[in-house]
file input_38.txt (compact mmCIF, N, CA and C atoms)
# COMPACT_ATOMS: atom_id res chain seq x y z
N CYS A 371 5.46 -20.91 -15.48
CA CYS A 371 4.18 -21.56 -15.33
C CYS A 371 3.17 -20.95 -16.30
N ALA A 372 2.36 -21.79 -16.82
CA ALA A 372 1.25 -21.34 -17.67
C ALA A 372 -0.04 -21.80 -17.02
N LYS A 373 -1.15 -21.24 -17.45
CA LYS A 373 -2.44 -21.65 -16.90
C LYS A 373 -2.66 -23.13 -17.14
N MET A 374 -3.29 -23.77 -16.18
CA MET A 374 -3.58 -25.19 -16.26
C MET A 374 -4.60 -25.45 -17.36
N GLY A 375 -4.39 -26.51 -18.11
CA GLY A 375 -5.35 -26.93 -19.12
C GLY A 375 -5.01 -26.52 -20.53
N GLY A 376 -3.90 -25.83 -20.74
CA GLY A 376 -3.58 -25.37 -22.08
C GLY A 376 -2.47 -26.15 -22.77
N SER A 377 -2.01 -27.22 -22.19
CA SER A 377 -0.88 -27.97 -22.74
C SER A 377 -1.30 -28.88 -23.88
N SER A 378 -0.35 -29.08 -24.80
CA SER A 378 -0.64 -29.96 -25.92
C SER A 378 0.42 -31.03 -26.14
N THR A 379 1.60 -30.85 -25.55
CA THR A 379 2.66 -31.85 -25.71
C THR A 379 2.97 -32.48 -24.36
N SER A 380 3.65 -33.61 -24.40
CA SER A 380 4.02 -34.31 -23.17
C SER A 380 4.89 -33.43 -22.28
N LEU A 381 5.82 -32.72 -22.88
CA LEU A 381 6.72 -31.85 -22.11
C LEU A 381 5.92 -30.71 -21.46
N GLU A 382 4.95 -30.17 -22.18
CA GLU A 382 4.11 -29.10 -21.61
C GLU A 382 3.27 -29.64 -20.45
N TYR A 383 2.74 -30.85 -20.61
CA TYR A 383 1.98 -31.46 -19.52
C TYR A 383 2.85 -31.66 -18.28
N LEU A 384 4.08 -32.08 -18.48
CA LEU A 384 5.01 -32.28 -17.38
C LEU A 384 5.30 -30.96 -16.67
N ALA A 385 5.59 -29.92 -17.44
CA ALA A 385 5.87 -28.60 -16.86
C ALA A 385 4.64 -28.06 -16.13
N GLU A 386 3.47 -28.23 -16.73
CA GLU A 386 2.22 -27.78 -16.11
C GLU A 386 1.98 -28.50 -14.79
N GLY A 387 2.20 -29.80 -14.78
CA GLY A 387 2.01 -30.58 -13.57
C GLY A 387 3.00 -30.21 -12.48
N SER A 388 4.23 -29.93 -12.85
CA SER A 388 5.24 -29.51 -11.87
C SER A 388 4.86 -28.17 -11.25
N CYS A 389 4.42 -27.25 -12.08
CA CYS A 389 3.99 -25.94 -11.60
C CYS A 389 2.79 -26.09 -10.67
N TYR A 390 1.81 -26.85 -11.09
CA TYR A 390 0.60 -27.10 -10.30
C TYR A 390 0.98 -27.68 -8.94
N GLY A 391 1.81 -28.70 -8.94
CA GLY A 391 2.21 -29.35 -7.70
C GLY A 391 2.94 -28.41 -6.77
N TYR A 392 3.78 -27.57 -7.31
CA TYR A 392 4.54 -26.63 -6.49
C TYR A 392 3.61 -25.62 -5.83
N ILE A 393 2.72 -25.02 -6.62
CA ILE A 393 1.79 -24.02 -6.10
C ILE A 393 0.86 -24.63 -5.05
N VAL A 394 0.25 -25.74 -5.37
CA VAL A 394 -0.69 -26.37 -4.44
C VAL A 394 0.05 -26.86 -3.19
N GLY A 395 1.28 -27.32 -3.34
CA GLY A 395 2.07 -27.74 -2.20
C GLY A 395 2.38 -26.59 -1.25
N ILE A 396 2.73 -25.43 -1.79
CA ILE A 396 2.98 -24.25 -0.97
C ILE A 396 1.69 -23.85 -0.24
N ALA A 397 0.58 -23.83 -0.97
CA ALA A 397 -0.71 -23.45 -0.36
C ALA A 397 -1.09 -24.43 0.75
N ASP A 398 -0.95 -25.71 0.50
CA ASP A 398 -1.29 -26.71 1.49
C ASP A 398 -0.37 -26.63 2.71
N GLY A 399 0.91 -26.44 2.47
CA GLY A 399 1.86 -26.31 3.57
C GLY A 399 1.56 -25.10 4.44
N ALA A 400 1.21 -23.98 3.81
CA ALA A 400 0.89 -22.77 4.57
C ALA A 400 -0.36 -22.98 5.41
N ARG A 401 -1.37 -23.62 4.83
CA ARG A 401 -2.60 -23.87 5.58
C ARG A 401 -2.35 -24.83 6.75
N THR A 402 -1.49 -25.79 6.55
CA THR A 402 -1.15 -26.73 7.62
C THR A 402 -0.42 -26.01 8.75
N MET A 403 0.55 -25.18 8.42
CA MET A 403 1.29 -24.45 9.45
C MET A 403 0.37 -23.51 10.22
N GLU A 404 -0.57 -22.87 9.52
CA GLU A 404 -1.52 -21.97 10.20
C GLU A 404 -2.33 -22.74 11.24
N SER A 405 -2.75 -23.94 10.89
CA SER A 405 -3.57 -24.71 11.83
C SER A 405 -2.74 -25.28 12.98
N TRP A 406 -1.50 -25.62 12.73
CA TRP A 406 -0.64 -26.20 13.76
C TRP A 406 -0.10 -25.15 14.73
N ARG A 407 0.19 -24.00 14.21
CA ARG A 407 0.94 -23.00 14.99
C ARG A 407 0.11 -21.80 15.43
N ASP A 408 -1.18 -21.81 15.19
CA ASP A 408 -2.02 -20.68 15.54
C ASP A 408 -1.47 -19.38 14.93
N ILE A 409 -1.12 -19.46 13.65
CA ILE A 409 -0.60 -18.31 12.91
C ILE A 409 -1.76 -17.64 12.19
N GLU A 410 -1.70 -16.32 12.11
CA GLU A 410 -2.74 -15.58 11.39
C GLU A 410 -2.80 -16.06 9.94
N ARG A 411 -4.01 -16.27 9.46
CA ARG A 411 -4.18 -16.76 8.10
C ARG A 411 -3.82 -15.68 7.08
N GLY A 412 -3.01 -16.05 6.12
CA GLY A 412 -2.59 -15.12 5.09
C GLY A 412 -3.54 -15.10 3.89
N PHE A 413 -4.33 -16.15 3.76
CA PHE A 413 -5.29 -16.25 2.66
C PHE A 413 -6.37 -17.23 3.09
N CYS A 414 -7.52 -17.14 2.45
CA CYS A 414 -8.64 -18.02 2.80
C CYS A 414 -9.25 -18.60 1.53
N LEU A 415 -8.98 -19.86 1.28
CA LEU A 415 -9.51 -20.51 0.09
C LEU A 415 -10.97 -20.91 0.33
N PRO A 416 -11.82 -20.69 -0.67
CA PRO A 416 -13.21 -21.15 -0.53
C PRO A 416 -13.24 -22.68 -0.44
N ASP A 417 -14.21 -23.21 0.28
CA ASP A 417 -14.31 -24.66 0.46
C ASP A 417 -14.44 -25.40 -0.86
N GLU A 418 -15.11 -24.82 -1.83
CA GLU A 418 -15.41 -25.51 -3.07
C GLU A 418 -14.31 -25.38 -4.14
N ILE A 419 -13.23 -24.69 -3.83
CA ILE A 419 -12.19 -24.46 -4.84
C ILE A 419 -11.38 -25.74 -5.08
N VAL A 420 -10.90 -25.90 -6.30
CA VAL A 420 -10.05 -27.04 -6.66
C VAL A 420 -8.65 -26.53 -6.98
N GLY A 421 -7.69 -27.44 -6.94
CA GLY A 421 -6.29 -27.09 -7.13
C GLY A 421 -6.01 -26.32 -8.41
N ARG A 422 -6.66 -26.69 -9.48
CA ARG A 422 -6.44 -26.01 -10.77
C ARG A 422 -6.80 -24.53 -10.65
N GLU A 423 -7.88 -24.22 -9.95
CA GLU A 423 -8.29 -22.82 -9.78
C GLU A 423 -7.29 -22.05 -8.93
N VAL A 424 -6.75 -22.70 -7.92
CA VAL A 424 -5.73 -22.07 -7.09
C VAL A 424 -4.50 -21.75 -7.93
N ALA A 425 -4.03 -22.73 -8.68
CA ALA A 425 -2.84 -22.55 -9.52
C ALA A 425 -3.07 -21.47 -10.57
N ASN A 426 -4.23 -21.47 -11.21
CA ASN A 426 -4.51 -20.46 -12.24
C ASN A 426 -4.58 -19.06 -11.65
N ALA A 427 -5.11 -18.92 -10.44
CA ALA A 427 -5.16 -17.60 -9.79
C ALA A 427 -3.75 -17.09 -9.53
N VAL A 428 -2.87 -17.96 -9.06
CA VAL A 428 -1.48 -17.58 -8.81
C VAL A 428 -0.80 -17.19 -10.12
N VAL A 429 -0.97 -17.97 -11.15
CA VAL A 429 -0.37 -17.67 -12.45
C VAL A 429 -0.85 -16.32 -12.97
N ASP A 430 -2.13 -16.02 -12.79
CA ASP A 430 -2.67 -14.72 -13.22
C ASP A 430 -1.98 -13.57 -12.50
N VAL A 431 -1.86 -13.68 -11.18
CA VAL A 431 -1.22 -12.61 -10.40
C VAL A 431 0.23 -12.44 -10.82
N LEU A 432 0.94 -13.54 -10.97
CA LEU A 432 2.36 -13.46 -11.36
C LEU A 432 2.51 -12.88 -12.76
N GLY A 433 1.59 -13.24 -13.65
CA GLY A 433 1.64 -12.69 -15.01
C GLY A 433 1.39 -11.20 -15.05
N ASN A 434 0.63 -10.69 -14.10
CA ASN A 434 0.34 -9.26 -14.02
C ASN A 434 1.41 -8.48 -13.27
N ASN A 435 2.37 -9.18 -12.69
CA ASN A 435 3.42 -8.53 -11.90
C ASN A 435 4.80 -9.09 -12.25
N PRO A 436 5.20 -9.02 -13.51
CA PRO A 436 6.48 -9.64 -13.92
C PRO A 436 7.70 -9.01 -13.24
N GLU A 437 7.56 -7.78 -12.76
CA GLU A 437 8.69 -7.12 -12.11
C GLU A 437 9.05 -7.77 -10.77
N GLU A 438 8.17 -8.62 -10.25
CA GLU A 438 8.43 -9.29 -8.97
C GLU A 438 8.98 -10.70 -9.12
N LEU A 439 9.12 -11.18 -10.34
CA LEU A 439 9.49 -12.58 -10.56
C LEU A 439 10.91 -12.93 -10.11
N HIS A 440 11.69 -11.96 -9.72
CA HIS A 440 13.04 -12.24 -9.20
C HIS A 440 13.00 -12.66 -7.72
N LEU A 441 11.86 -12.50 -7.07
CA LEU A 441 11.72 -12.84 -5.65
C LEU A 441 11.59 -14.36 -5.47
N ALA A 442 11.71 -14.81 -4.25
CA ALA A 442 11.62 -16.24 -3.94
C ALA A 442 10.25 -16.79 -4.33
N ALA A 443 10.24 -17.95 -4.95
CA ALA A 443 8.99 -18.54 -5.47
C ALA A 443 7.94 -18.73 -4.38
N GLY A 444 8.33 -19.23 -3.23
CA GLY A 444 7.37 -19.44 -2.15
C GLY A 444 6.70 -18.14 -1.73
N SER A 445 7.48 -17.08 -1.60
CA SER A 445 6.92 -15.78 -1.23
C SER A 445 5.99 -15.25 -2.32
N LEU A 446 6.37 -15.41 -3.56
CA LEU A 446 5.51 -14.98 -4.67
C LEU A 446 4.16 -15.69 -4.62
N ILE A 447 4.20 -16.99 -4.37
CA ILE A 447 2.96 -17.77 -4.34
C ILE A 447 2.09 -17.33 -3.17
N LEU A 448 2.68 -17.18 -1.99
CA LEU A 448 1.89 -16.77 -0.82
C LEU A 448 1.31 -15.37 -1.01
N ASN A 449 2.08 -14.46 -1.58
CA ASN A 449 1.56 -13.12 -1.86
C ASN A 449 0.42 -13.17 -2.87
N ALA A 450 0.57 -14.00 -3.90
CA ALA A 450 -0.49 -14.14 -4.91
C ALA A 450 -1.75 -14.74 -4.31
N LEU A 451 -1.58 -15.71 -3.41
CA LEU A 451 -2.74 -16.31 -2.75
C LEU A 451 -3.44 -15.28 -1.87
N SER A 452 -2.67 -14.46 -1.17
CA SER A 452 -3.25 -13.41 -0.32
C SER A 452 -4.04 -12.40 -1.15
N GLU A 453 -3.51 -12.07 -2.31
CA GLU A 453 -4.19 -11.13 -3.20
C GLU A 453 -5.45 -11.74 -3.81
N SER A 454 -5.36 -12.99 -4.19
CA SER A 454 -6.49 -13.64 -4.88
C SER A 454 -7.58 -14.14 -3.93
N PHE A 455 -7.19 -14.50 -2.72
CA PHE A 455 -8.12 -15.10 -1.77
C PHE A 455 -8.00 -14.46 -0.38
N PRO A 456 -8.33 -13.16 -0.30
CA PRO A 456 -8.24 -12.50 1.01
C PRO A 456 -9.25 -13.07 1.98
N CYS A 457 -8.93 -13.02 3.25
CA CYS A 457 -9.86 -13.48 4.29
C CYS A 457 -10.89 -12.39 4.58
N GLU A 458 -12.11 -12.81 4.83
CA GLU A 458 -13.16 -11.87 5.22
C GLU A 458 -12.89 -11.41 6.64
N GLU A 459 -13.08 -10.16 6.88
CA GLU A 459 -12.84 -9.63 8.23
C GLU A 459 -14.14 -9.43 8.94
call {"tool": "encode", "arguments": {"input": "input_38.txt", "output": "C-alpha cells"}}
result
Amino acid sequence: CAKMGGSSTSLEYLAEGSCYGYIVGIADGARTMESWRDIERGFCLPDEIVGREVANAVVDVLGNNPEELHLAAGSLILNALSESFPCEE
C-alpha cells in the first residue's frame, strides 16, 4: 500500500483503491462489532475524519514498522488504528 493520492497510472489507482477499501473495511467492521457486541473500543476515529486520512495513517504506521509486515493484515491494520487514533480516557 502507498499513501492515497499519489498514483499516476491506472494500475496504481487500482492498487491504491484496493488498499483503501481493505483498510476502511477493516476499520468499519471493527467499529460495527464494537457497537453490536459491547466490546471495548480499540481505537476512536474523530467524527470529521475521512477514509483517505484513515488509510494514510495506517500506511504511515506500517511504513515505520516493516519488521511487523509478516503478521496478519487485519491485525496490522487494527494495531495501526489503535496507535494512530487512541481513545481518550
call {"tool": "atom_distance", "arguments": {"input": "input_38.txt", "atom1": "atom C of A:Ile393", "atom2": "atom N of A:Pro416"}}
result
14.0 Å
call {"tool": "residues_around", "arguments": {"input": "input_38.txt", "residues": "A:Val431", "least_positions_apart": "2", "cutoff": "8 Å", "atoms": "all atoms listed in the file", "output": "count of residues only"}}
result
14
call {"tool": "atom_distance", "arguments": {"input": "input_38.txt", "atom1": "atom CA of A:Ala385", "atom2": "atom CA of A:Met403"}}
result
27.0 Å
call {"tool": "closest_residue", "arguments": {"input": "input_38.txt", "among": "A:Cys371, A:Leu381, A:Val394, A:Leu448", "to": "A:Phe413", "atoms": "all atoms listed in the file"}}
result
A:Leu448
call {"tool": "residues_around", "arguments": {"input": "input_38.txt", "residues": "A:Ser452", "least_positions_apart": "3", "cutoff": "8 Å", "atoms": "all atoms listed in the file", "output": "ChimeraX atom specification"}}
result
/A:411-414,446-449,455-457
call {"tool": "axis_aligned_box", "arguments": {"input": "input_38.txt", "around": "stretch 409-415 of chain A", "padding_each_side": "8 Å", "output": "JSON"}}
result
{"center_x": -5.8, "center_y": -18.0, "center_z": 6.9, "size_x": 26.4, "size_y": 21.8, "size_z": 29.6}
call {"tool": "closest_residue", "arguments": {"input": "input_38.txt", "among": "A:Ser445, A:Tyr390, A:Ser380, A:Leu439", "to": "A:Gly421", "atoms": "only N, CA and C atoms"}}
result
A:Tyr390
call {"tool": "atom_distance", "arguments": {"input": "input_38.txt", "atom1": "atom C of A:Ile419", "atom2": "atom CA of A:Asp398"}}
result
12.1 Å
call {"tool": "select_by_dssp", "arguments": {"input": "input_38.txt", "residues": "chain A", "states": "helix (DSSP H, G or I)", "output": "PyMOL selection string"}}
result
chain A and resi 380-407+421-434+436-438+443-454
